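Chemist: Structure file model.txt, compact mmCIF, C-alpha atoms, is pasted below:
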# COMPACT_ATOMS: atom_id res chain seq x y z
CA MET A 207 209.30 -34.89 195.79
CA ALA A 208 210.58 -35.86 192.40
CA ALA A 209 212.04 -33.17 190.21
CA SER A 210 213.57 -33.22 186.76
CA GLY A 211 214.56 -30.81 184.01
CA PRO A 212 215.24 -27.08 184.19
CA ALA A 213 211.64 -26.27 185.10
CA ALA A 214 211.16 -28.88 187.80
CA ILE A 215 207.68 -29.45 189.12
CA PHE A 216 207.28 -29.90 192.87
CA SER A 217 203.91 -31.23 193.93
CA CYS A 218 201.88 -32.04 196.98
CA TRP A 219 198.73 -34.14 196.75
CA ARG A 220 196.24 -34.16 199.56
CA ARG A 221 193.01 -36.13 199.51
CA VAL A 222 190.01 -34.65 201.29
CA ARG A 223 186.80 -36.51 201.96
CA ILE A 224 183.86 -34.32 200.96
CA GLY A 225 182.07 -33.07 204.04
CA GLU A 226 184.97 -33.88 206.36
CA PRO A 227 187.10 -30.86 207.38
CA PRO A 228 190.86 -31.48 207.27
CA GLY A 229 192.47 -30.89 210.65
CA ASN A 230 191.19 -27.86 212.52
CA HIS A 231 190.17 -25.99 209.38
CA GLU A 232 186.40 -26.38 209.38
CA ARG A 233 184.84 -26.50 205.94
CA ASP A 234 181.40 -27.29 204.58
CA LEU A 235 182.00 -29.10 201.31
CA THR A 236 178.41 -30.19 200.65
CA GLY A 237 177.44 -29.01 197.18
CA THR A 238 181.10 -28.26 196.58
CA MET A 239 182.68 -27.15 193.32
CA LYS A 240 186.14 -27.99 192.02
CA ILE A 241 188.13 -24.81 191.40
CA LEU A 242 191.50 -24.51 189.67
CA PHE A 243 193.41 -21.56 191.14
CA LEU A 244 196.40 -20.08 189.29
CA THR A 245 198.78 -17.49 190.71
CA SER A 246 202.28 -16.38 189.81
CA ARG A 247 203.81 -16.31 193.28
CA ALA A 248 203.42 -18.73 196.16
CA PRO A 249 200.71 -17.26 198.42
CA TYR A 250 202.36 -18.59 201.57
CA PRO A 251 204.07 -17.08 203.43
CA PRO A 252 202.07 -13.96 202.45
CA LEU A 253 204.98 -11.58 201.81
CA GLY A 254 203.42 -8.55 200.16
CA GLY A 255 199.93 -7.46 199.28
CA ASP A 256 199.52 -9.62 196.16
CA ARG A 257 200.38 -12.86 197.99
CA LEU A 258 198.18 -11.86 200.91
CA ARG A 259 195.27 -11.23 198.56
CA ALA A 260 195.72 -14.65 196.94
CA LEU A 261 195.87 -16.34 200.35
CA HIS A 262 192.68 -14.62 201.51
CA VAL A 263 190.82 -15.66 198.36
CA ILE A 264 192.02 -19.25 198.61
CA LYS A 265 190.96 -19.43 202.25
CA ALA A 266 187.55 -18.00 201.40
CA LEU A 267 186.98 -20.37 198.47
CA SER A 268 188.10 -23.37 200.50
CA GLN A 269 185.34 -22.85 203.04
CA GLN A 270 182.82 -24.35 200.64
CA HIS A 271 184.75 -25.62 197.62
CA ARG A 272 187.65 -27.89 196.67
CA VAL A 273 190.61 -25.88 195.44
CA THR A 274 193.61 -27.03 193.39
CA LEU A 275 196.46 -24.51 193.44
CA LEU A 276 199.09 -24.18 190.71
CA THR A 277 201.83 -21.63 191.24
CA PHE A 278 205.50 -20.90 190.67
CA ALA A 279 208.34 -21.31 193.16
CA SER A 280 211.80 -19.87 192.67
CA SER A 281 213.47 -22.65 194.68
CA ARG A 282 212.80 -25.91 196.47
CA ALA A 283 212.91 -23.97 199.74
CA GLU A 284 210.09 -21.70 198.54
CA ALA A 285 208.09 -24.74 197.46
CA GLU A 286 208.59 -26.31 200.89
CA ALA A 287 207.59 -23.05 202.61
CA LEU A 288 204.25 -23.28 200.80
CA ARG A 289 203.29 -26.50 202.59
CA PRO A 290 201.02 -24.84 205.22
CA ILE A 291 198.65 -23.98 202.34
CA ALA A 292 197.70 -27.66 202.32
CA LYS A 293 195.08 -27.10 205.03
CA TYR A 294 193.14 -24.90 202.59
CA VAL A 295 193.53 -26.76 199.30
CA GLU A 296 192.88 -30.25 198.05
CA ARG A 297 196.12 -30.25 196.10
CA PHE A 298 198.90 -27.87 195.20
CA GLU A 299 201.71 -28.07 192.67
CA THR A 300 204.56 -25.69 191.98
CA VAL A 301 206.65 -25.13 188.87
CA ARG A 302 210.24 -23.98 189.26
CA LEU A 303 210.70 -20.43 187.98
CA GLN A 304 214.31 -19.86 186.91
CA THR A 305 215.36 -16.24 187.19
CA ARG A 306 217.84 -16.38 184.31
CA ARG A 307 215.23 -17.88 182.00
CA SER A 308 212.71 -15.23 183.07
CA TYR A 309 215.14 -12.41 182.28
CA LEU A 310 215.86 -13.97 178.89
CA ASN A 311 212.12 -14.12 178.25
CA CYS A 312 211.91 -10.39 179.03
CA LEU A 313 214.73 -9.57 176.60
CA ILE A 314 212.90 -11.47 173.89
CA GLY A 315 209.70 -9.75 174.97
CA LEU A 316 211.15 -6.31 174.25
CA PHE A 317 210.29 -6.94 170.60
CA SER A 318 206.62 -7.70 171.30
CA ARG A 319 203.64 -5.70 172.52
CA THR A 320 202.93 -7.96 175.48
CA PRO A 321 203.78 -6.67 178.99
CA LEU A 322 207.18 -7.82 180.23
CA GLN A 323 205.70 -9.36 183.35
CA VAL A 324 203.77 -11.78 181.15
CA HIS A 325 207.04 -12.78 179.47
CA TYR A 326 208.76 -13.07 182.86
CA TYR A 327 206.26 -15.69 184.01
CA ARG A 328 206.02 -17.50 180.67
CA SER A 329 206.74 -21.20 181.17
CA ALA A 330 206.16 -24.22 178.97
CA ALA A 331 206.19 -26.41 182.09
CA MET A 332 203.37 -24.39 183.68
CA ARG A 333 201.34 -24.52 180.48
CA ARG A 334 201.73 -28.31 180.32
CA LEU A 335 200.79 -28.67 183.97
CA ILE A 336 197.63 -26.59 183.56
CA ARG A 337 196.56 -28.56 180.49
CA ALA A 338 197.27 -31.86 182.23
CA CYS A 339 195.17 -30.88 185.25
CA LEU A 340 192.26 -29.80 183.06
CA GLN A 341 192.39 -32.99 181.02
CA ARG A 342 192.74 -35.22 184.09
CA GLU A 343 190.00 -33.68 186.24
CA ARG A 344 186.65 -32.02 185.70
CA PHE A 345 186.80 -28.55 187.18
CA ASP A 346 183.79 -26.28 187.57
CA LEU A 347 185.64 -22.95 187.46
CA ILE A 348 189.08 -21.40 186.94
CA PHE A 349 190.23 -18.57 189.18
CA VAL A 350 193.29 -16.65 187.99
CA HIS A 351 195.19 -14.22 190.19
CA LEU A 352 196.93 -11.28 188.47
CA VAL A 353 197.10 -10.27 184.84
CA ARG A 354 200.47 -11.96 184.23
CA MET A 355 198.83 -15.42 184.43
CA ALA A 356 195.94 -14.69 182.05
CA ASP A 357 197.70 -15.90 178.91
CA TYR A 358 197.78 -19.48 180.19
CA ILE A 359 194.03 -19.95 179.87
CA HIS A 360 192.77 -17.14 177.64
CA ASP A 361 192.04 -19.61 174.82
CA LEU A 362 190.08 -21.96 177.08
CA ASP A 363 186.35 -22.10 176.29
CA GLY A 364 183.45 -23.79 178.01
CA LEU A 365 184.53 -23.16 181.60
CA PRO A 366 183.75 -20.10 183.77
CA LYS A 367 186.83 -17.95 184.35
CA ILE A 368 187.41 -15.29 187.01
CA MET A 369 190.37 -12.92 186.91
CA ASP A 370 191.47 -11.19 190.10
CA LEU A 371 193.34 -8.17 188.76
CA THR A 372 193.47 -6.81 192.34
CA ASP A 373 194.83 -3.38 191.25
CA ALA A 374 194.51 -1.51 187.98
CA LEU A 375 198.15 -1.74 186.96
CA SER A 376 197.74 0.90 184.30
CA LEU A 377 196.64 3.38 186.97
CA ASN A 378 199.66 2.48 189.08
CA TYR A 379 202.07 3.00 186.17
CA GLU A 380 200.37 6.22 185.11
CA ARG A 381 200.70 7.71 188.58
CA SER A 382 204.24 6.48 189.14
CA ALA A 383 205.58 7.88 185.88
CA ALA A 384 205.67 11.45 187.19
CA PHE A 385 207.86 10.41 190.14
CA GLN A 386 210.13 8.13 188.10
CA ASN A 387 211.23 10.72 185.55
CA ASN A 388 214.05 11.91 187.79
CA GLN A 389 215.23 8.40 188.67
CA PRO A 390 218.45 6.98 187.14
CA LEU A 391 217.81 5.05 183.92
CA THR A 392 218.46 1.57 185.31
CA ALA A 393 217.30 -1.69 183.71
CA TYR A 394 214.37 -1.65 186.13
CA ALA A 395 213.39 1.91 185.22
CA LEU A 396 213.58 1.06 181.52
CA ALA A 397 211.37 -1.98 182.08
CA GLN A 398 208.83 0.18 183.90
CA ARG A 399 208.64 2.58 180.96
CA VAL A 400 208.10 -0.29 178.54
CA GLU A 401 205.46 -1.78 180.83
CA LYS A 402 203.56 1.49 181.13
CA ARG A 403 203.07 1.66 177.35
CA ARG A 404 201.82 -1.92 177.11
CA ILE A 405 199.79 -2.69 180.20
CA ARG A 406 196.68 -0.60 179.50
CA ALA A 407 195.82 -2.30 176.20
CA TYR A 408 196.65 -5.69 177.67
CA GLU A 409 194.39 -5.16 180.70
CA ALA A 410 191.51 -4.35 178.35
CA ARG A 411 192.10 -7.59 176.42
CA VAL A 412 192.27 -9.60 179.62
CA VAL A 413 188.94 -8.20 180.79
CA ASP A 414 187.38 -9.50 177.56
CA TRP A 415 188.88 -12.96 178.04
CA PHE A 416 187.24 -13.52 181.43
CA ASP A 417 183.64 -13.79 182.59
CA CYS A 418 184.31 -11.58 185.61
CA ASN A 419 187.26 -9.40 186.63
CA LEU A 420 187.82 -8.37 190.25
CA LEU A 421 189.46 -5.24 191.62
CA ILE A 422 190.13 -4.39 195.23
CA SER A 423 189.01 -0.75 195.06
CA PRO A 424 186.13 1.16 193.43
CA VAL A 425 188.68 3.75 192.26
CA ASP A 426 190.54 1.07 190.29
CA ARG A 427 187.25 -0.28 188.94
CA ASP A 428 186.12 3.12 187.71
CA TYR A 429 189.49 3.79 186.08
CA LEU A 430 189.63 0.44 184.28
CA SER A 431 186.00 0.71 183.17
CA ARG A 432 186.92 3.75 181.07
CA PHE A 433 188.71 1.58 178.50
CA ALA A 434 187.56 -1.99 179.26
CA ALA A 435 184.20 -3.75 179.36
CA ALA A 436 182.61 -2.17 182.45
CA ASP A 437 179.98 -4.91 182.79
CA LYS A 438 182.76 -7.46 183.37
CA VAL A 439 184.48 -5.53 186.15
CA ARG A 440 183.44 -5.53 189.80
CA VAL A 441 184.89 -4.87 193.25
CA LEU A 442 185.88 -7.51 195.76
CA GLY A 443 187.22 -5.45 198.62
CA PRO A 444 190.13 -6.20 200.94
CA VAL A 445 189.76 -8.37 204.01
CA VAL A 446 191.46 -8.30 207.39
CA ASP A 447 191.73 -11.31 209.68
CA LEU A 448 190.36 -9.72 212.84
CA GLY A 449 191.34 -12.74 214.91
CA TYR A 450 194.97 -12.47 213.89
CA PHE A 451 195.09 -8.67 213.94
CA HIS A 452 193.39 -8.43 217.31
CA PHE A 453 192.79 -5.08 218.94
CA TYR A 454 195.65 -4.00 221.19
CA ASP A 455 195.11 -1.47 223.97
CA GLY A 456 198.33 -2.03 225.91
CA PRO A 457 201.45 0.08 226.42
CA HIS A 458 203.27 1.53 223.43
CA ASP A 459 206.33 3.66 222.74
CA PRO A 460 205.26 7.32 222.34
CA ASP A 461 208.52 8.02 220.48
CA THR A 462 208.16 5.39 217.71
CA ILE A 463 206.19 5.61 214.48
CA VAL A 464 205.99 2.81 211.91
CA PHE A 465 205.82 2.46 208.14
CA MET A 466 204.90 -1.02 206.95
CA GLY A 467 205.05 -2.44 203.42
CA LYS A 468 206.89 -4.53 200.87
CA MET A 469 209.95 -2.40 200.28
CA SER A 470 210.85 -3.62 196.79
CA THR A 471 207.88 -1.80 195.22
CA PHE A 472 208.29 1.69 193.79
CA PRO A 473 205.22 3.23 195.54
CA ASN A 474 206.50 2.14 198.97
CA GLN A 475 210.05 3.24 198.23
CA ASP A 476 208.80 6.61 197.02
CA ALA A 477 206.64 7.03 200.13
CA VAL A 478 209.58 6.36 202.45
CA ARG A 479 211.91 8.66 200.50
CA TYR A 480 209.30 11.43 200.52
CA PHE A 481 208.68 11.06 204.23
CA TYR A 482 212.36 10.87 205.15
CA ARG A 483 213.41 13.88 203.07
CA GLU A 484 210.48 16.25 203.40
CA ILE A 485 208.42 15.33 206.48
CA PHE A 486 210.68 13.62 209.03
CA PRO A 487 212.96 16.67 209.51
CA LEU A 488 209.91 18.84 210.27
CA VAL A 489 208.64 16.32 212.82
CA ARG A 490 212.04 15.99 214.50
CA GLN A 491 212.16 19.75 214.99
CA ARG A 492 209.15 19.40 217.29
CA LEU A 493 209.76 15.85 218.53
CA PRO A 494 213.55 15.30 218.47
CA ARG A 495 213.32 11.85 220.09
CA LEU A 496 210.87 10.46 217.56
CA ARG A 497 212.08 7.35 215.69
CA LEU A 498 210.89 5.87 212.40
CA ASN A 499 210.63 2.09 212.15
CA ILE A 500 210.48 0.85 208.52
CA VAL A 501 209.08 -2.68 208.53
CA GLY A 502 208.90 -4.76 205.38
CA VAL A 503 210.50 -7.43 203.26
CA GLU A 504 213.07 -6.78 200.48
CA PRO A 505 214.29 -3.26 201.32
CA SER A 506 216.43 -1.78 198.55
CA ALA A 507 220.00 -0.61 199.14
CA GLU A 508 218.72 2.98 199.20
CA ILE A 509 216.19 2.17 201.92
CA LEU A 510 218.76 0.20 203.94
CA ALA A 511 221.08 3.21 203.79
CA LEU A 512 218.55 5.22 205.80
CA ARG A 513 219.69 3.28 208.86
CA ARG A 514 222.66 5.66 209.02
CA HIS A 515 220.25 8.17 210.53
CA PRO A 516 220.12 7.60 214.31
CA GLY A 517 216.34 7.96 214.28
CA VAL A 518 215.63 5.31 211.62
CA THR A 519 215.37 1.53 211.86
CA VAL A 520 214.95 -0.75 208.83
CA THR A 521 213.94 -4.26 209.86
CA GLY A 522 213.72 -6.14 206.57
CA TYR A 523 211.66 -9.31 206.81
CA VAL A 524 209.91 -9.95 210.11
CA PRO A 525 207.86 -13.09 210.80
CA ASP A 526 205.14 -11.10 212.57
CA VAL A 527 204.34 -7.42 212.00
CA ARG A 528 201.94 -7.14 214.94
CA PRO A 529 204.54 -6.35 217.64
CA HIS A 530 205.85 -3.49 215.49
CA LEU A 531 202.36 -2.08 215.05
CA GLN A 532 201.57 -2.47 218.75
CA GLN A 533 204.78 -0.73 219.78
CA ALA A 534 204.19 2.35 217.65
CA VAL A 535 202.31 5.45 218.71
CA LEU A 536 201.02 5.73 215.15
CA SER A 537 201.38 4.28 211.66
CA ILE A 538 202.18 6.41 208.61
CA CYS A 539 201.05 5.97 205.00
CA PRO A 540 202.53 8.91 203.04
CA MET A 541 201.74 7.45 199.61
CA ARG A 542 202.10 9.65 196.53
CA THR A 543 201.60 6.96 193.90
CA GLY A 544 200.25 3.44 193.48
CA ALA A 545 196.81 1.92 193.17
CA GLY A 546 194.49 -0.38 195.10
CA ALA A 547 193.75 -0.55 198.81
CA LYS A 548 196.59 -0.35 201.30
CA ASN A 549 196.88 -3.30 203.67
CA LYS A 550 199.21 -1.25 205.86
CA VAL A 551 196.29 1.06 206.67
CA LEU A 552 193.76 -1.72 207.25
CA GLU A 553 196.03 -3.81 209.46
CA SER A 554 197.17 -0.81 211.50
CA MET A 555 193.58 0.21 212.15
CA ALA A 556 192.59 -3.36 213.01
CA VAL A 557 195.30 -3.55 215.67
CA GLY A 558 194.34 -0.15 217.06
CA THR A 559 197.38 1.80 215.87
CA PRO A 560 196.09 5.14 214.53
CA VAL A 561 197.03 6.17 211.00
CA VAL A 562 198.30 9.40 209.49
CA ALA A 563 198.04 9.18 205.70
CA THR A 564 197.81 11.09 202.48
CA ALA A 565 194.46 11.03 200.68
CA LEU A 566 195.96 8.54 198.22
CA GLY A 567 197.00 6.35 201.12
CA VAL A 568 193.37 5.67 202.07
CA GLU A 569 191.95 5.86 198.55
CA GLY A 570 189.15 3.39 197.94
CA LEU A 571 188.59 2.81 201.66
CA ALA A 572 185.62 4.02 203.70
CA VAL A 573 187.87 6.20 205.85
CA ARG A 574 186.45 9.52 207.06
CA PRO A 575 189.13 12.12 207.84
CA GLY A 576 189.32 13.00 211.52
CA GLU A 577 187.06 10.10 212.51
CA HIS A 578 189.03 7.05 211.41
CA ALA A 579 192.43 8.57 210.53
CA LEU A 580 194.23 11.88 210.09
CA LEU A 581 194.84 12.90 206.47
CA ALA A 582 197.39 15.39 205.14
CA ASP A 583 198.83 15.95 201.68
CA SER A 584 201.57 18.52 202.23
CA PRO A 585 204.79 17.90 204.20
CA GLN A 586 203.90 20.62 206.68
CA ALA A 587 200.37 19.32 207.28
CA PHE A 588 201.58 15.72 207.54
CA ALA A 589 204.22 16.65 210.10
CA ALA A 590 201.68 18.69 212.08
CA ALA A 591 199.26 15.73 212.13
CA ILE A 592 201.97 13.43 213.53
CA VAL A 593 202.91 15.93 216.23
CA ARG A 594 199.26 16.44 217.13
CA LEU A 595 198.45 12.73 217.35
CA ALA A 596 201.64 11.70 219.15
CA GLY A 597 200.96 14.25 221.86
CA ASN A 598 197.24 13.61 222.35
CA PRO A 599 196.43 10.28 224.07
CA ALA A 600 192.68 10.98 223.99
CA LEU A 601 192.71 11.51 220.23
CA ARG A 602 194.82 8.40 219.82
CA ARG A 603 192.31 6.27 221.74
CA GLN A 604 189.40 7.74 219.76
CA LEU A 605 190.98 7.03 216.38
CA ALA A 606 192.07 3.57 217.52
CA HIS A 607 188.54 2.50 218.49
CA ASN A 608 186.90 4.14 215.49
CA GLY A 609 189.39 2.54 213.12
CA ARG A 610 188.86 -0.92 214.57
CA ALA A 611 185.10 -0.51 214.33
CA LEU A 612 185.39 0.48 210.66
CA ILE A 613 187.46 -2.60 209.84
CA ALA A 614 184.99 -4.88 211.63
CA GLU A 615 182.04 -3.30 209.78
CA LYS A 616 183.44 -3.02 206.25
CA TYR A 617 186.35 -5.42 205.85
CA SER A 618 185.45 -8.50 207.87
CA TRP A 619 186.18 -12.02 206.70
CA GLU A 620 182.48 -12.94 206.68
CA LEU A 621 181.52 -10.10 204.33
CA VAL A 622 184.09 -10.93 201.67
CA LEU A 623 183.45 -14.66 202.03
CA THR A 624 179.76 -14.14 201.27
CA GLN A 625 180.45 -11.91 198.26
CA LEU A 626 183.01 -14.27 196.77
CA ASN A 627 180.93 -17.41 197.12
CA GLU A 628 177.86 -15.73 195.64
CA LEU A 629 179.95 -14.71 192.62
CA VAL A 630 181.49 -18.15 192.14
CA GLU A 631 178.19 -19.96 192.40
CA SER A 632 176.41 -17.57 190.01
CA LEU A 633 179.06 -18.05 187.33
CA ALA A 634 179.14 -21.81 187.75
CA ALA A 635 175.36 -21.98 187.42
CA ARG A 636 175.56 -20.31 184.00
CA ALA A 637 178.35 -22.54 182.73
CA PRO A 638 177.73 -24.81 179.74
CA GLU A 639 178.19 -28.52 180.17
CA GLN A 640 180.79 -28.89 177.43
CA ARG A 641 184.45 -28.29 178.34
CA ILE A 642 186.85 -27.49 175.51
CA ILE A 643 190.43 -28.03 176.69
CA PRO A 644 193.11 -27.01 174.15
CA ALA A 645 195.98 -29.46 173.80
Would you encode the structure as structure tokens?
Modeler:
Amino acid sequence: MAASGPAAIFSCWRRVRIGEPPGNHERDLTGTMKILFLTSRAPYPPLGGDRLRALHVIKALSQQHRVTLLTFASSRAEAEALRPIAKYVERFETVRLQTRRSYLNCLIGLFSRTPLQVHYYRSAAMRRLIRACLQRERFDLIFVHLVRMADYIHDLDGLPKIMDLTDALSLNYERSAAFQNNQPLTAYALAQRVEKRRIRAYEARVVDWFDCNLLISPVDRDYLSRFAAADKVRVLGPVVDLGYFHFYDGPHDPDTIVFMGKMSTFPNQDAVRYFYREIFPLVRQRLPRLRLNIVGVEPSAEILALRRHPGVTVTGYVPDVRPHLQQAVLSICPMRTGAGAKNKVLESMAVGTPVVATALGVEGLAVRPGEHALLADSPQAFAAAIVRLAGNPALRRQLAHNGRALIAEKYSWELVLTQLNELVESLAARAPEQRIIPA
């Protein structure tokens, strides 16, 4: 791979004969469309919910269409780690994202009204690459993942554009603000306060720029529709790979519970702090041998410090979360803030590990309390639910089977694949013939 300049472009070209599936990935490319897919972070490996969402959408689109992926990579190693995506895309290219340059962009961005995350991912090299791709090839549709990438193509006319917002960020910031007031005023906390003031107006503008805007949860859709064009917002729900997250009915450790999530995000950090400080001591009074296993990439120093407690394990990155889910007697989701659907709940239920959650933890999901999961919103009720479930094998089996059935019915790959392809084809059918590509 050739690379030059401070914003080096790494690329991988892969020719696919229409109608001929590459490798073992079977695809029907008859009547295919060419789709340009933009995302800010490499979707493979899928570390975190946003990357997982992008990967699922790419896989779904690639079943019937030819996808070109443009994304950032923070290093050559990250660009190389993306290579397995080649079995789903016709071509992918990455632009080097330099952290120091991104921070400088954010400092400059303090004097604007644009969200800092847009400044963080601002890159002349990415803009040139996008324009070059659009001028070189005739695409039928552009699919953009996350609001921070919208600025790259907002001035493009004559081509259908879909924005996958995934979560309503303004809802996330609004909810988190109440729990961040008592946090030390670090550079990160200051950035969050700036972002909260800017993101709502920006989300509304982004909705106007695109033909269709997708959210993962009806709660997020309803919230965003209050101040953005409601007719341009719709739900594309989460998906679980039921083959990968196969149902497990084998032995488990009755003294281990698990929390799973990307540990650099404030909602996950807050959930773990809340559980450790207010719920875990109550549980240990009844179940003194119970251990908490915190599984997730990028744990903060504060989360890592919890390992000093003899009943807490913090794994950091693990290549496969399934053994940790299978080992646990139950999975916890004590969320107090955040937005969107929680993959930790869906994947736990798919595997057959019952869930104890707050109402916010299952928000936007078709979960019925007592049938698919146990819900509790106070520390005392949450602790009581854990004690009850850990000591009741019959209840555990019932919730495990009900949860798996719910995932298969509502969040299967086939259902989301059908919805996504119907949307893409309907937008492409309405597209004008003329393409206007800004220089």
Chemist: If you count only C-alpha atoms, which residues fall within 6 Å of Tyr326 (chain A), apart from same-chain ones fewer than 2 positions away, as a list of chain:residue names?
Modeler: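 Here the answer would be A:Ser308, A:Asn311, A:Cys312, A:Gln323, A:Val324, A:Arg328.
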Chemist: Using only C-alpha atoms, which residues sit within 8 Å of Phe465 (chain A) once same-chain residues fewer than 2 positions away are excluded, as a list in words?
Modeler: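 After dropping sequence-adjacent residues, the list is Ile463, Gly467, Val478, Leu498, Asn499, Ile500, Val501, Ser537, Ile538, Cys539 and Lys550 of chain A.
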Chemist: Enter the distance from CA of Glu296 (chain A) to CA of Leu253 (chain A), in Å, rounded to one decimal.
Modeler: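 That distance, rounded to one decimal, is 22.6 Å.
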Chemist: By how many Å are CA of Thr564 (chain A) and CA of His458 (chain A) apart?
Modeler: 23.7 Å
Chemist: Go through A:Arg528, A:Glu380, A:Pro599, A:Val425 one by one, measure the shortest atom-to-atom distance of each to Glu569 (chain A) using all atoms listed in the file, and give the residue with the smallest value.
Modeler: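 With all atoms listed in the file as the atom set, the closest residue is A:Val425.
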Chemist: Work out how far apart CA of Arg495 (chain A) and CA of Ala507 (chain A) are and give it in Å to one decimal.
Modeler: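 Atom-to-atom, CA of Arg495 (chain A) to CA of Ala507 (chain A), that is 25.3 Å.
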Chemist: Go through A:Tyr309, A:Leu442, A:His530, A:Arg432 and flag the residue nearest Glu628 (chain A), using all atoms listed in the file for the distances.
Modeler: A:Leu442
Chemist: Counting all atoms listed in the file, figure out which residue out of A:Pro457, A:Pro487, A:Pro585, A:Gly570 gets nearest to Lys548 (chain A).
Modeler: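 Once distances to Lys548 (chain A) are computed over all atoms listed in the file, the minimum belongs to A:Gly570.
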Chemist: Residues at most 10 Å from Glu284 (chain A), counting only C-alpha atoms, excluding those fewer than 3 positions away in the same chain, as a PDB file with C-alpha atoms, in the coordinates of the input?
Modeler:
ATOM      1  CA  ARG A 247     203.810 -16.310 193.280  1.00  0.00           C
ATOM      2  CA  ALA A 248     203.420 -18.730 196.160  1.00  0.00           C
ATOM      3  CA  TYR A 250     202.360 -18.590 201.570  1.00  0.00           C
ATOM      4  CA  PRO A 251     204.070 -17.080 203.430  1.00  0.00           C
ATOM      5  CA  PHE A 278     205.500 -20.900 190.670  1.00  0.00           C
ATOM      6  CA  ALA A 279     208.340 -21.310 193.160  1.00  0.00           C
ATOM      7  CA  SER A 280     211.800 -19.870 192.670  1.00  0.00           C
ATOM      8  CA  SER A 281     213.470 -22.650 194.680  1.00  0.00           C
ATOM      9  CA  ALA A 287     207.590 -23.050 202.610  1.00  0.00           C
ATOM     10  CA  LEU A 288     204.250 -23.280 200.800  1.00  0.00           C
ATOM     11  CA  ARG A 289     203.290 -26.500 202.590  1.00  0.00           C
ATOM     12  CA  THR A 300     204.560 -25.690 191.980  1.00  0.00           C
ATOM     13  CA  ARG A 302     210.240 -23.980 189.260  1.00  0.00           C
TER      14      ARG A 302
END
Chemist: Counting only C-alpha atoms, what is within 7 Å of Val535 (chain A), bar same-chain residues fewer than 6 positions away, as a VMD selection string?
Modeler: chain A and resid 458 to 463 559 596
Chemist: Using all atoms listed in the file, which of the listed residues (A:Leu362, A:Ala356, A:Cys339, A:Leu488) sits closest to Arg411 (chain A)?
Modeler: A:Ala356
Chemist: If we draw a sphere of 9 Å around (191.7, 2.2, 217.2), which residues have at least one atom in it when counting all atoms listed in the file? Please report them as a list in words.
Modeler: Phe453, Tyr454, Asp455, Ser554, Met555, Ala556, Val557, Gly558, Thr559, Pro560, His578, Arg602, Arg603, Gln604, Leu605, Ala606, His607, Asn608, Gly609, Arg610 and Ala611 of chain A
Chemist: Looking at all atoms listed in the file, which of A:Ala434, A:Ala374, A:Val400, A:Val446 is the one that sits closest to Leu623 (chain A)?
Modeler: A:Val446
Chemist: Using only C-alpha atoms, which residues sit within 9 Å of Ile485 (chain A) once same-chain residues fewer than 5 positions away are excluded, as a list of chain:residue names?
Modeler: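 The neighbour list is A:Tyr480, A:Arg490, A:Ser584, A:Pro585, A:Gln586, A:Phe588, A:Ala589.
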Chemist: From the list A:Gly254, A:Thr274, A:Gly456, A:Lys293, which residue is nearest Val503 (chain A) when using all atoms listed in the file?
Modeler: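 Checking each of A:Gly254, A:Thr274, A:Gly456, A:Lys293 against Val503 (chain A), counting all atoms listed in the file, the winner is A:Gly254.
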